[in-house]
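Trainee: Provided herewith: query-v3.cif, mmCIF, C-alpha atoms and all ligand atoms.
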```
data_coords
#
loop_
_atom_site.label_atom_id
_atom_site.label_comp_id
_atom_site.auth_asym_id
_atom_site.auth_seq_id
_atom_site.Cartn_x
_atom_site.Cartn_y
_atom_site.Cartn_z
CA MET L 31 35.49 44.19 -22.87
CA ILE L 32 33.12 45.83 -25.28
CA ARG L 33 30.92 43.70 -27.53
CA PRO L 34 28.77 46.13 -29.43
CA SER L 35 27.07 43.59 -31.68
CA LEU L 36 25.68 41.32 -28.95
CA PRO L 37 23.08 43.30 -26.99
CA PRO L 38 20.65 43.83 -29.90
CA LEU L 39 20.91 40.16 -30.85
CA ARG L 40 20.04 38.73 -27.46
CA PRO L 41 16.38 39.76 -27.19
CA PHE L 42 15.87 38.61 -30.74
CA LEU L 43 17.22 35.11 -30.00
CA ALA L 44 15.10 34.95 -26.86
CA LEU L 45 12.06 35.78 -28.95
CA ILE L 46 12.82 32.97 -31.42
CA ALA L 47 13.37 30.52 -28.56
CA ALA L 48 10.05 31.48 -26.96
CA PHE L 49 8.28 31.13 -30.29
CA LEU L 50 9.77 27.67 -30.91
CA ALA L 51 8.88 26.52 -27.40
CA GLY L 52 5.29 27.60 -27.99
CA CYS L 53 4.92 25.81 -31.32
CA ALA L 54 6.90 22.64 -30.82
CA PRO L 55 5.16 19.55 -29.42
CA ARG L 56 5.85 19.44 -25.70
CA SER L 57 8.68 17.07 -25.09
CA ASP L 58 8.76 17.52 -21.32
CA THR L 59 7.61 14.64 -19.17
CA LEU L 60 4.80 14.45 -16.67
CA ARG L 61 6.45 13.75 -13.36
CA ILE L 62 4.99 11.43 -10.75
CA GLY L 63 6.72 11.07 -7.39
CA GLU L 64 6.86 7.69 -5.72
CA TYR L 65 8.10 7.29 -2.15
CA ALA L 66 8.58 3.74 -0.96
CA SER L 67 10.41 1.47 1.46
CA LEU L 68 12.82 0.01 -1.10
CA THR L 69 15.26 -0.95 1.65
CA GLY L 70 15.12 -1.57 5.40
CA LYS L 71 12.67 -3.38 7.61
CA GLU L 72 9.68 -3.38 5.21
CA ALA L 73 11.66 -3.51 1.96
CA ALA L 74 9.35 -6.22 0.64
CA PHE L 75 6.45 -3.72 0.67
CA GLY L 76 8.27 -1.00 -1.26
CA GLN L 77 9.93 -3.35 -3.75
CA SER L 78 6.69 -5.03 -4.63
CA SER L 79 4.63 -1.87 -4.84
CA HIS L 80 7.31 -0.25 -7.00
CA LYS L 81 7.29 -3.10 -9.50
CA GLY L 82 3.54 -2.75 -10.06
CA THR L 83 3.79 1.04 -10.20
CA LEU L 84 6.60 1.02 -12.75
CA LEU L 85 4.86 -1.59 -14.90
CA ALA L 86 1.81 0.66 -15.16
CA VAL L 87 3.95 3.68 -16.07
CA GLU L 88 5.77 1.69 -18.76
CA GLU L 89 2.54 0.39 -20.24
CA LEU L 90 1.03 3.88 -20.37
CA ASN L 91 4.16 5.30 -21.98
CA ALA L 92 4.25 2.53 -24.58
CA ALA L 93 0.66 3.45 -25.46
CA GLY L 94 1.58 7.11 -26.03
CA GLY L 95 1.64 8.49 -22.48
CA VAL L 96 -0.93 10.71 -20.80
CA LEU L 97 -2.14 14.10 -22.12
CA GLY L 98 0.31 13.64 -24.97
CA ARG L 99 3.27 13.46 -22.62
CA GLN L 100 5.39 10.60 -21.35
CA LEU L 101 5.16 9.83 -17.65
CA GLU L 102 8.33 10.00 -15.62
CA LEU L 103 8.31 8.09 -12.35
CA ILE L 104 10.71 9.58 -9.84
CA THR L 105 11.22 7.11 -7.03
CA GLU L 106 12.64 7.89 -3.61
CA ASP L 107 13.55 5.32 -0.97
CA ASN L 108 12.57 6.11 2.63
CA GLN L 109 14.52 3.08 3.90
CA SER L 110 11.51 2.06 6.03
CA LYS L 111 12.70 4.71 8.51
CA PRO L 112 10.50 7.13 10.43
CA GLY L 113 11.19 10.72 9.31
CA GLU L 114 12.51 9.79 5.88
CA SER L 115 9.14 9.87 4.09
CA ALA L 116 8.69 13.52 5.06
CA THR L 117 12.18 14.35 3.79
CA VAL L 118 11.87 12.62 0.42
CA VAL L 119 8.33 13.83 -0.22
CA LYS L 120 9.40 17.44 0.37
CA LYS L 121 12.18 16.86 -2.16
CA LEU L 122 9.81 15.35 -4.71
CA ILE L 123 7.49 18.34 -4.40
CA SER L 124 9.98 21.22 -4.34
CA ARG L 125 12.94 19.89 -6.33
CA ASP L 126 11.22 17.61 -8.84
CA LYS L 127 7.91 19.48 -9.09
CA VAL L 128 5.92 16.26 -9.32
CA VAL L 129 2.25 16.63 -10.28
CA ALA L 130 1.14 13.83 -7.94
CA LEU L 131 2.55 11.46 -5.34
CA VAL L 132 2.08 7.71 -5.11
CA GLY L 133 2.74 5.97 -1.81
CA GLU L 134 3.13 4.69 0.78
CA VAL L 135 2.24 1.06 1.38
CA ALA L 136 2.51 1.27 5.18
CA SER L 137 0.09 3.54 7.03
CA PRO L 138 2.60 5.13 9.44
CA ARG L 139 4.62 6.41 6.49
CA SER L 140 1.53 7.65 4.61
CA LEU L 141 0.49 9.48 7.78
CA GLU L 142 3.89 11.13 7.82
CA ALA L 143 3.89 12.27 4.18
CA ALA L 144 0.22 13.19 3.75
CA PRO L 145 0.28 16.51 5.67
CA ILE L 146 3.12 17.71 3.42
CA ALA L 147 1.23 16.81 0.23
CA GLN L 148 -1.94 18.37 1.60
CA GLN L 149 -0.13 21.60 2.49
CA ALA L 150 1.43 21.79 -0.99
CA LYS L 151 -1.88 20.86 -2.65
CA ILE L 152 -0.27 17.99 -4.53
CA PRO L 153 -2.61 14.99 -4.76
CA LEU L 154 -1.29 11.92 -2.95
CA ILE L 155 -2.58 8.43 -3.67
CA SER L 156 -1.75 5.68 -1.23
CA PRO L 157 -2.06 2.34 -3.00
CA SER L 158 -2.48 0.28 0.13
CA SER L 159 -2.41 2.15 3.45
CA THR L 160 -5.52 0.96 5.23
CA ASN L 161 -5.44 2.99 8.48
CA ALA L 162 -8.60 5.09 8.70
CA ALA L 163 -6.77 8.33 9.56
CA VAL L 164 -4.70 8.48 6.35
CA THR L 165 -7.30 10.10 4.09
CA GLU L 166 -8.72 12.14 7.00
CA ILE L 167 -5.60 14.30 6.76
CA GLY L 168 -7.14 16.29 3.96
CA ASN L 169 -8.94 16.53 0.64
CA TYR L 170 -5.78 15.96 -1.44
CA ILE L 171 -5.21 12.53 0.12
CA PHE L 172 -6.65 9.45 -1.61
CA ARG L 173 -6.33 5.70 -1.43
CA VAL L 174 -7.42 2.93 -3.79
CA CYS L 175 -7.81 0.16 -1.19
CA PHE L 176 -10.28 -0.75 1.56
CA ILE L 177 -9.80 0.59 5.08
CA ASP L 178 -9.13 -1.12 8.43
CA PRO L 179 -12.63 -0.67 9.87
CA PHE L 180 -13.57 -3.14 7.10
CA GLN L 181 -10.46 -5.32 7.35
CA GLY L 182 -11.07 -5.74 11.10
CA VAL L 183 -14.61 -6.87 10.40
CA VAL L 184 -13.34 -9.30 7.76
CA MET L 185 -10.97 -11.05 10.16
CA ALA L 186 -13.46 -11.05 13.05
CA LYS L 187 -16.02 -12.67 10.79
CA PHE L 188 -13.43 -15.16 9.57
CA ALA L 189 -12.37 -15.98 13.13
CA ARG L 190 -15.95 -16.56 14.26
CA GLU L 191 -17.43 -18.28 11.20
CA HIS L 192 -14.51 -20.08 9.61
CA LEU L 193 -12.19 -20.80 12.54
CA LYS L 194 -15.13 -21.03 15.00
CA LEU L 195 -13.20 -19.26 17.74
CA ASN L 196 -14.82 -18.04 20.96
CA ARG L 197 -11.82 -16.78 22.91
CA VAL L 198 -8.78 -15.12 21.37
CA ALA L 199 -5.66 -13.19 22.35
CA LEU L 200 -4.52 -10.01 20.59
CA LEU L 201 -0.87 -9.13 20.03
CA THR L 202 -0.69 -5.48 18.97
CA SER L 203 2.28 -3.38 17.87
CA VAL L 204 1.63 -0.28 19.92
CA SER L 205 4.15 1.79 17.96
CA SER L 206 2.27 1.31 14.68
CA ALA L 207 -0.95 3.20 13.95
CA TYR L 208 -1.84 0.44 11.51
CA SER L 209 -1.61 -2.29 14.13
CA VAL L 210 -3.44 -0.32 16.83
CA GLY L 211 -6.30 0.54 14.46
CA LEU L 212 -6.72 -2.95 13.06
CA ALA L 213 -6.66 -4.49 16.55
CA ARG L 214 -9.39 -2.12 17.66
CA TYR L 215 -11.73 -2.80 14.73
CA PHE L 216 -11.15 -6.54 14.99
CA LYS L 217 -11.96 -6.52 18.69
CA GLU L 218 -15.15 -4.48 18.29
CA GLU L 219 -16.55 -6.85 15.67
CA PHE L 220 -15.34 -10.06 17.33
CA VAL L 221 -17.10 -9.04 20.56
CA ARG L 222 -20.19 -7.89 18.64
CA ARG L 223 -20.35 -11.39 17.17
CA GLY L 224 -20.29 -12.96 20.63
CA GLY L 225 -16.56 -13.68 20.93
CA ILE L 226 -14.33 -12.78 23.86
CA VAL L 227 -10.92 -11.12 23.68
CA THR L 228 -9.44 -12.82 26.71
CA LEU L 229 -6.02 -11.23 26.61
CA GLU L 230 -4.33 -8.24 24.96
CA GLN L 231 -0.55 -8.17 24.71
CA LYS L 232 1.69 -5.44 23.32
CA TYR L 233 4.93 -5.15 21.38
CA SER L 234 6.77 -2.47 19.38
CA GLU L 235 8.12 -2.30 15.83
CA GLY L 236 11.57 -3.87 15.69
CA ASP L 237 11.06 -6.12 18.71
CA LYS L 238 12.59 -9.56 18.33
CA ASP L 239 11.68 -11.41 21.51
CA PHE L 240 8.01 -12.18 22.12
CA LYS L 241 8.45 -14.98 24.67
CA ALA L 242 6.98 -13.03 27.61
CA GLN L 243 3.80 -12.11 25.70
CA LEU L 244 3.45 -15.63 24.30
CA THR L 245 3.91 -17.24 27.69
CA ALA L 246 0.99 -15.14 28.93
CA VAL L 247 -1.03 -16.18 25.86
CA LYS L 248 -0.27 -19.83 26.56
CA ALA L 249 -1.55 -19.52 30.12
CA ALA L 250 -4.74 -17.69 29.09
CA GLY L 251 -6.53 -20.67 27.59
CA VAL L 252 -7.44 -18.95 24.31
CA GLN L 253 -8.32 -20.71 21.04
CA GLY L 254 -6.50 -18.41 18.62
CA ILE L 255 -4.14 -15.43 18.34
CA PHE L 256 -4.74 -12.33 16.21
CA VAL L 257 -1.53 -10.50 15.23
CA PRO L 258 -2.30 -7.30 13.30
CA GLY L 259 1.30 -6.35 12.50
CA TYR L 260 3.91 -6.43 9.74
CA TYR L 261 5.56 -9.56 8.40
CA THR L 262 8.91 -9.40 10.21
CA GLU L 263 7.44 -9.41 13.71
CA ALA L 264 4.49 -11.61 12.70
CA ALA L 265 6.84 -14.32 11.41
CA LEU L 266 8.95 -14.19 14.60
CA ILE L 267 5.81 -14.36 16.74
CA CYS L 268 4.65 -17.50 14.90
CA LYS L 269 8.08 -19.06 15.26
CA GLN L 270 8.40 -18.35 18.97
CA ALA L 271 4.80 -19.46 19.59
CA ARG L 272 5.48 -22.85 18.00
CA ASP L 273 8.77 -23.09 19.95
CA LEU L 274 6.76 -22.62 23.14
CA GLY L 275 4.44 -25.44 22.08
CA ILE L 276 1.51 -23.18 21.16
CA ALA L 277 -0.30 -24.96 18.33
CA LEU L 278 -3.26 -22.54 18.12
CA PRO L 279 -4.38 -20.86 14.89
CA ILE L 280 -2.54 -17.56 14.37
CA PHE L 281 -3.91 -14.98 11.95
CA GLY L 282 -3.34 -11.38 10.89
CA GLY L 283 -4.03 -8.67 8.33
CA ASP L 284 -2.49 -7.49 5.06
CA GLY L 285 0.74 -6.48 6.82
CA TRP L 286 1.69 -10.16 6.74
CA GLU L 287 1.98 -10.24 2.98
CA ALA L 288 5.61 -10.78 1.95
CA PRO L 289 7.73 -13.77 0.88
CA GLN L 290 9.77 -13.02 4.02
CA LEU L 291 6.87 -14.30 6.13
CA MET L 292 7.85 -17.79 4.99
CA GLU L 293 11.59 -17.09 4.87
CA ILE L 294 11.63 -15.98 8.49
CA GLY L 295 8.79 -18.11 9.80
CA GLY L 296 9.44 -21.37 7.92
CA ALA L 297 7.28 -24.24 9.12
CA ALA L 298 5.89 -22.07 11.94
CA VAL L 299 3.73 -20.03 9.53
CA GLU L 300 2.18 -23.07 7.85
CA GLY L 301 -1.58 -23.03 8.38
CA THR L 302 -1.70 -19.37 9.45
CA TYR L 303 -4.16 -16.97 7.79
CA TYR L 304 -4.25 -13.31 6.83
CA SER L 305 -6.54 -10.94 4.97
CA THR L 306 -5.43 -9.01 1.92
CA HIS L 307 -6.60 -7.16 -1.19
CA TYR L 308 -6.26 -9.64 -4.03
CA SER L 309 -5.13 -13.14 -4.90
CA PRO L 310 -2.95 -13.90 -7.94
CA GLU L 311 -4.89 -17.18 -8.18
CA ASP L 312 -8.00 -15.22 -9.18
CA GLN L 313 -9.07 -16.51 -12.60
CA SER L 314 -10.79 -13.33 -13.80
CA PRO L 315 -9.38 -12.23 -17.19
CA ALA L 316 -8.03 -8.94 -15.79
CA VAL L 317 -6.02 -10.71 -13.08
CA VAL L 318 -4.76 -13.50 -15.35
CA ALA L 319 -3.55 -10.95 -17.93
CA PHE L 320 -1.93 -8.78 -15.26
CA VAL L 321 -0.13 -11.73 -13.65
CA ASN L 322 1.26 -12.72 -17.07
CA ARG L 323 2.48 -9.24 -17.94
CA PHE L 324 4.00 -8.76 -14.50
CA LYS L 325 5.82 -12.10 -14.66
CA GLN L 326 7.19 -11.22 -18.06
CA ARG L 327 8.47 -7.86 -16.84
CA TRP L 328 9.85 -9.04 -13.51
CA ASN L 329 11.61 -12.34 -14.07
CA GLY L 330 8.71 -14.69 -13.42
CA GLU L 331 7.80 -13.08 -10.10
CA VAL L 332 4.15 -13.48 -9.09
CA PRO L 333 2.58 -10.11 -8.19
CA ASP L 334 1.17 -9.76 -4.69
CA ALA L 335 -1.43 -7.29 -3.38
CA MET L 336 1.02 -4.39 -3.15
CA ALA L 337 2.11 -4.86 -6.76
CA ALA L 338 -1.51 -5.02 -7.91
CA LEU L 339 -2.52 -1.93 -5.90
CA GLY L 340 0.57 -0.02 -7.08
CA TYR L 341 -0.45 -0.80 -10.65
CA ASP L 342 -4.06 0.25 -10.10
CA SER L 343 -2.97 3.51 -8.40
CA ILE L 344 -1.11 4.68 -11.50
CA MET L 345 -3.94 3.68 -13.83
CA ILE L 346 -6.45 5.57 -11.67
CA LEU L 347 -4.14 8.60 -11.59
CA ALA L 348 -3.68 8.49 -15.38
CA ALA L 349 -7.43 8.36 -15.95
CA ALA L 350 -7.89 11.34 -13.62
CA LEU L 351 -5.16 13.33 -15.40
CA GLN L 352 -6.88 12.61 -18.68
CA ARG L 353 -10.25 13.80 -17.32
CA ALA L 354 -8.67 16.86 -15.70
CA GLY L 355 -7.13 17.79 -19.04
CA GLY L 356 -4.09 19.19 -17.23
CA THR L 357 -1.84 18.79 -14.25
CA GLU L 358 -2.90 21.71 -12.07
CA GLY L 359 -3.26 20.45 -8.47
CA SER L 360 -6.85 21.43 -7.73
CA ARG L 361 -8.16 20.23 -11.09
CA LEU L 362 -6.37 16.93 -10.69
CA ARG L 363 -7.71 16.65 -7.14
CA ASP L 364 -11.27 17.15 -8.33
CA ALA L 365 -10.83 14.60 -11.13
CA LEU L 366 -9.39 12.03 -8.72
CA ALA L 367 -12.24 12.61 -6.28
CA ALA L 368 -14.66 11.84 -9.13
CA THR L 369 -13.14 8.38 -9.73
CA GLN L 370 -16.00 5.98 -10.33
CA GLY L 371 -16.21 2.41 -11.55
CA HIS L 372 -12.54 2.10 -12.47
CA ALA L 373 -12.13 -1.58 -13.37
CA GLY L 374 -8.63 -2.60 -12.33
CA VAL L 375 -6.67 -5.61 -11.17
CA THR L 376 -7.90 -5.33 -7.58
CA GLY L 377 -11.55 -4.97 -8.53
CA VAL L 378 -13.69 -1.93 -9.24
CA THR L 379 -12.60 1.32 -7.59
CA THR L 380 -15.13 4.02 -6.77
CA LEU L 381 -13.86 6.71 -4.42
CA ASP L 382 -16.37 7.83 -1.79
CA ALA L 383 -16.73 11.30 -0.25
CA GLN L 384 -13.90 10.41 2.18
CA ARG L 385 -11.62 9.49 -0.77
CA ASN L 386 -11.57 5.81 0.21
CA ALA L 387 -12.41 2.75 -1.84
CA SER L 388 -14.71 -0.07 -0.87
CA LYS L 389 -13.57 -3.45 -2.17
CA ALA L 390 -13.70 -7.13 -1.33
CA ALA L 391 -10.99 -8.69 0.83
CA VAL L 392 -9.52 -12.14 0.41
CA VAL L 393 -8.19 -14.45 3.10
CA LEU L 394 -5.05 -16.40 2.25
CA THR L 395 -3.28 -19.20 4.09
CA VAL L 396 0.24 -20.58 3.92
CA LYS L 397 0.42 -24.07 2.51
CA ASP L 398 3.69 -25.82 1.62
CA GLY L 399 5.49 -22.49 1.78
CA GLN L 400 3.05 -20.79 -0.63
CA PHE L 401 0.17 -18.35 -0.17
CA LYS L 402 -3.12 -20.04 -1.05
CA PHE L 403 -6.56 -18.55 -1.52
CA VAL L 404 -9.11 -19.49 1.18
CA THR L 405 -12.11 -17.20 0.82
CA ARG L 406 -13.34 -13.85 -0.41
CA ILE L 407 -15.32 -11.50 1.82
CA GLU L 408 -17.41 -8.75 0.21
CA PRO L 409 -17.89 -5.34 1.81
N1 LIG F 501 -2.33 -2.01 4.91
C1 LIG F 501 -1.01 -1.92 5.45
C2 LIG F 501 -0.90 -0.59 6.19
O1 LIG F 501 -1.74 0.21 6.06
C3 LIG F 501 0.06 -2.02 4.40
C4 LIG F 501 -0.02 -3.21 3.48
C5 LIG F 501 -0.89 -3.22 2.40
C6 LIG F 501 0.77 -4.31 3.68
C7 LIG F 501 -0.98 -4.33 1.55
C8 LIG F 501 0.69 -5.40 2.84
C9 LIG F 501 -0.19 -5.43 1.79
O2 LIG F 501 0.02 -0.30 6.89
#
```
Before we go any further, please render this structure as structure tokens.
Ligand code: PHE

Mentor:
Amino acid sequence: MIRPSLPPLRPFLALIAAFLAGCAPRSDTLRIGEYASLTGKEAAFGQSSHKGTLLAVEELNAAGGVLGRQLELITEDNQSKPGESATVVKKLISRDKVVALVGEVASPRSLEAAPIAQQAKIPLISPSSTNAAVTEIGNYIFRVCFIDPFQGVVMAKFAREHLKLNRVALLTSVSSAYSVGLARYFKEEFVRRGGIVTLEQKYSEGDKDFKAQLTAVKAAGVQGIFVPGYYTEAALICKQARDLGIALPIFGGDGWEAPQLMEIGGAAVEGTYYSTHYSPEDQSPAVVAFVNRFKQRWNGEVPDAMAALGYDSIMILAAALQRAGGTEGSRLRDALAATQGHAGVTGVTTLDAQRNASKAAVVLTVKDGQFKFVTRIEP
């Protein structure tokens, strides 16, 4: 078919379209990729982190967005499964063209995604992965929380000074970089403070029966048990320990933080302790206001450390985007690296030369099925 009138018109229309696109206010969104364990074994981590992350995005958008554009949070679920974080992060980068990535809570999954972000030169901010190696992957990898060399010191100090323990047993998840790292830093500091790690027992992610390890612990004559793992196994360990008649103090790190600790552990987790990043009982105006806004948005739910760190991650990213004046990867990277004195919900964030933050930790206990503040330990 011959359409003689069309060819001359086409370039003209294209010219008008290009002109309009150049003049009109940009209506396109600024895309941020979130990868999280929304389902599966650590669903509590991803769900909670996501709620804080989304709240921050919504608040920024309501206030006019960032760089004159609305933020669009594109969230992908890695189902808590090894391998899935790499898959979804590749998708977020190549299909969705996100300008930055937020995630993960758990260190093993941040360790999986970070090399991909680094390679693509897309800044990645982990809200709450504490394993030392995460940010060592490269100069595009950031976190807004403290690291396990500090968290290990916190719990060793707590065990020696507060619990007055001399001899402890360690129960480490050898298939989790988080658990292995935290166990190591705890041990170093506990020994440095004159304590003895009498026994070290191992388990793997997904294990359900800890009777053999706990029987050995029972026979070892220790005064306490340190369990640097995630909540599912930690709760089962507490339960089976009590079933075996072990009444010793049991304590862990931030991986314990989830309502499921109580749901699975019940009475067995009463009186246990763990270290984390923030307490919703904190009466500082920033925390009180955040807790109120979060409860309003999420059906009265009280935000935990992952929610608070998810929120702070987005606010720190938004401030960096604003300072960078654009979304180009290397400019945004440099702006993020220059983060200093950002006052957020989880305290003041200043990123050091290794792209880590240094912040206080809190120790919480379980009392009457609720997390309760015990003490705060400064860096
Ligand atoms: N710090 C844990 C990790 O690195 C994750 C975590 C953070 C869990 C905060 C609970 C609360 O794997």

Trainee: Around (-15.5, 12.0, 4.0) in the file's own coordinates, what residues are found within 12 Å if you use all atoms listed in the file, given back as an mmCIF file with C-alpha atoms, keeping the file's coordinate frame?

Mentor:
```cif
data_model
loop_
_atom_site.group_PDB
_atom_site.id
_atom_site.type_symbol
_atom_site.label_atom_id
_atom_site.label_comp_id
_atom_site.auth_asym_id
_atom_site.auth_seq_id
_atom_site.Cartn_x
_atom_site.Cartn_y
_atom_site.Cartn_z
ATOM 1 C CA ALA L 162 -8.600 5.090 8.700
ATOM 2 C CA ALA L 163 -6.770 8.330 9.560
ATOM 3 C CA VAL L 164 -4.700 8.480 6.350
ATOM 4 C CA THR L 165 -7.300 10.100 4.090
ATOM 5 C CA GLU L 166 -8.720 12.140 7.000
ATOM 6 C CA ILE L 167 -5.600 14.300 6.760
ATOM 7 C CA GLY L 168 -7.140 16.290 3.960
ATOM 8 C CA ASN L 169 -8.940 16.530 0.640
ATOM 9 C CA TYR L 170 -5.780 15.960 -1.440
ATOM 10 C CA ILE L 171 -5.210 12.530 0.120
ATOM 11 C CA PHE L 172 -6.650 9.450 -1.610
ATOM 12 C CA ALA L 367 -12.240 12.610 -6.280
ATOM 13 C CA LEU L 381 -13.860 6.710 -4.420
ATOM 14 C CA ASP L 382 -16.370 7.830 -1.790
ATOM 15 C CA ALA L 383 -16.730 11.300 -0.250
ATOM 16 C CA GLN L 384 -13.900 10.410 2.180
ATOM 17 C CA ARG L 385 -11.620 9.490 -0.770
ATOM 18 C CA ASN L 386 -11.570 5.810 0.210
ATOM 19 C CA ALA L 387 -12.410 2.750 -1.840
#
```

Trainee: With all atoms listed in the file as the counted atoms, please give the residues lying no more than 6 Å from L:Lys232, apart from itself and same-chain residues fewer than 5 positions off, as a JSON list (two decimals) with C-alpha atoms, keeping the file's coordinate frame.

Mentor:
```json
[["chain", "number", "residue", "atom", "x", "y", "z"],
["L", 201, "LEU", "CA", -0.87, -9.13, 20.03],
["L", 202, "THR", "CA", -0.69, -5.48, 18.97],
["L", 203, "SER", "CA", 2.28, -3.38, 17.87]]
```

Trainee: Work out how far atom CA of L:Ala130 is from atom CA of L:Thr380, in Å to one decimal.

Mentor: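 Computing it gives 19.0 Å between the two atoms.
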
Trainee: Tell me which protein, DNA and RNA residues are within 12 Å of L:Gly296, counting only C-alpha atoms, leaving out same-chain ones fewer than 5 positions away, and put them as a PyMOL selection string.

Mentor: chain L and resi 264-270+272+289-291+301-302+396-400

Trainee: With only C-alpha atoms as the counted atoms, please give the residues lying no more than 12 Å from L:Arg327, apart from itself and same-chain residues fewer than 5 positions off, as JSON, numbers by chain.

Mentor: {"L": [81, 82, 84, 85, 86, 88, 89, 320, 321, 322, 332, 333]}

Trainee: Produce as a list of chain:residue names the set of residues near ligand LIG 501 (chain F), where near means within 6 Å with all atoms listed in the file considered.

Mentor: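 Using all atoms listed in the file, I find these residues within 6 Å of ligand LIG 501 (chain F): L:Val135, L:Ala136, L:Ser137, L:Ser158, L:Ser159, L:Thr160, L:Asn161, L:Tyr208, L:Asp284, L:Gly285, L:Glu287, L:Ala335, L:Met336.
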
Trainee: Give as number ranges by chain the set of residues within 8 Å of the point (7.9, 8.0, -17.0), where distances use the file's coordinates and all atoms listed in the file.

Mentor: L: 59-62, 87-88, 91, 100-104

Trainee: What would stretch 382-393 of chain L look like with N, CA, C and O atoms in place, written as an mmCIF file, in the frame of the given file?

Mentor:
```cif
data_model
loop_
_atom_site.group_PDB
_atom_site.id
_atom_site.type_symbol
_atom_site.label_atom_id
_atom_site.label_comp_id
_atom_site.auth_asym_id
_atom_site.auth_seq_id
_atom_site.Cartn_x
_atom_site.Cartn_y
_atom_site.Cartn_z
ATOM 1 N N ASP L 382 -15.227 7.222 -2.490
ATOM 2 C CA ASP L 382 -16.370 7.830 -1.790
ATOM 3 C C ASP L 382 -16.018 9.255 -1.360
ATOM 4 O O ASP L 382 -14.926 9.757 -1.665
ATOM 5 N N ALA L 383 -16.933 9.888 -0.642
ATOM 6 C CA ALA L 383 -16.730 11.300 -0.250
ATOM 7 C C ALA L 383 -15.525 11.461 0.665
ATOM 8 O O ALA L 383 -14.981 12.558 0.797
ATOM 9 N N GLN L 384 -15.098 10.359 1.314
ATOM 10 C CA GLN L 384 -13.900 10.410 2.180
ATOM 11 C C GLN L 384 -12.639 10.015 1.425
ATOM 12 O O GLN L 384 -11.593 9.794 2.021
ATOM 13 N N ARG L 385 -12.745 9.833 0.100
ATOM 14 C CA ARG L 385 -11.620 9.490 -0.770
ATOM 15 C C ARG L 385 -11.042 8.097 -0.487
ATOM 16 O O ARG L 385 -9.857 7.842 -0.646
ATOM 17 N N ASN L 386 -11.925 7.214 -0.029
ATOM 18 C CA ASN L 386 -11.570 5.810 0.210
ATOM 19 C C ASN L 386 -12.279 4.923 -0.794
ATOM 20 O O ASN L 386 -13.312 5.300 -1.335
ATOM 21 N N ALA L 387 -11.741 3.719 -0.968
ATOM 22 C CA ALA L 387 -12.410 2.750 -1.840
ATOM 23 C C ALA L 387 -13.076 1.682 -0.986
ATOM 24 O O ALA L 387 -12.705 1.473 0.165
ATOM 25 N N SER L 388 -14.061 1.034 -1.558
ATOM 26 C CA SER L 388 -14.710 -0.070 -0.870
ATOM 27 C C SER L 388 -14.602 -1.288 -1.783
ATOM 28 O O SER L 388 -15.128 -1.282 -2.884
ATOM 29 N N LYS L 389 -13.858 -2.284 -1.325
ATOM 30 C CA LYS L 389 -13.570 -3.450 -2.170
ATOM 31 C C LYS L 389 -13.609 -4.722 -1.349
ATOM 32 O O LYS L 389 -13.461 -4.677 -0.126
ATOM 33 N N ALA L 390 -13.716 -5.848 -2.027
ATOM 34 C CA ALA L 390 -13.700 -7.130 -1.330
ATOM 35 C C ALA L 390 -12.302 -7.409 -0.774
ATOM 36 O O ALA L 390 -11.307 -6.915 -1.294
ATOM 37 N N ALA L 391 -12.274 -8.200 0.299
ATOM 38 C CA ALA L 391 -10.990 -8.690 0.830
ATOM 39 C C ALA L 391 -10.900 -10.186 0.540
ATOM 40 O O ALA L 391 -11.926 -10.845 0.342
ATOM 41 N N VAL L 392 -9.694 -10.696 0.502
ATOM 42 C CA VAL L 392 -9.520 -12.140 0.410
ATOM 43 C C VAL L 392 -8.752 -12.608 1.636
ATOM 44 O O VAL L 392 -8.004 -11.840 2.237
ATOM 45 N N VAL L 393 -8.988 -13.862 2.019
ATOM 46 C CA VAL L 393 -8.190 -14.450 3.100
ATOM 47 C C VAL L 393 -7.294 -15.499 2.454
ATOM 48 O O VAL L 393 -7.759 -16.327 1.664
#
```
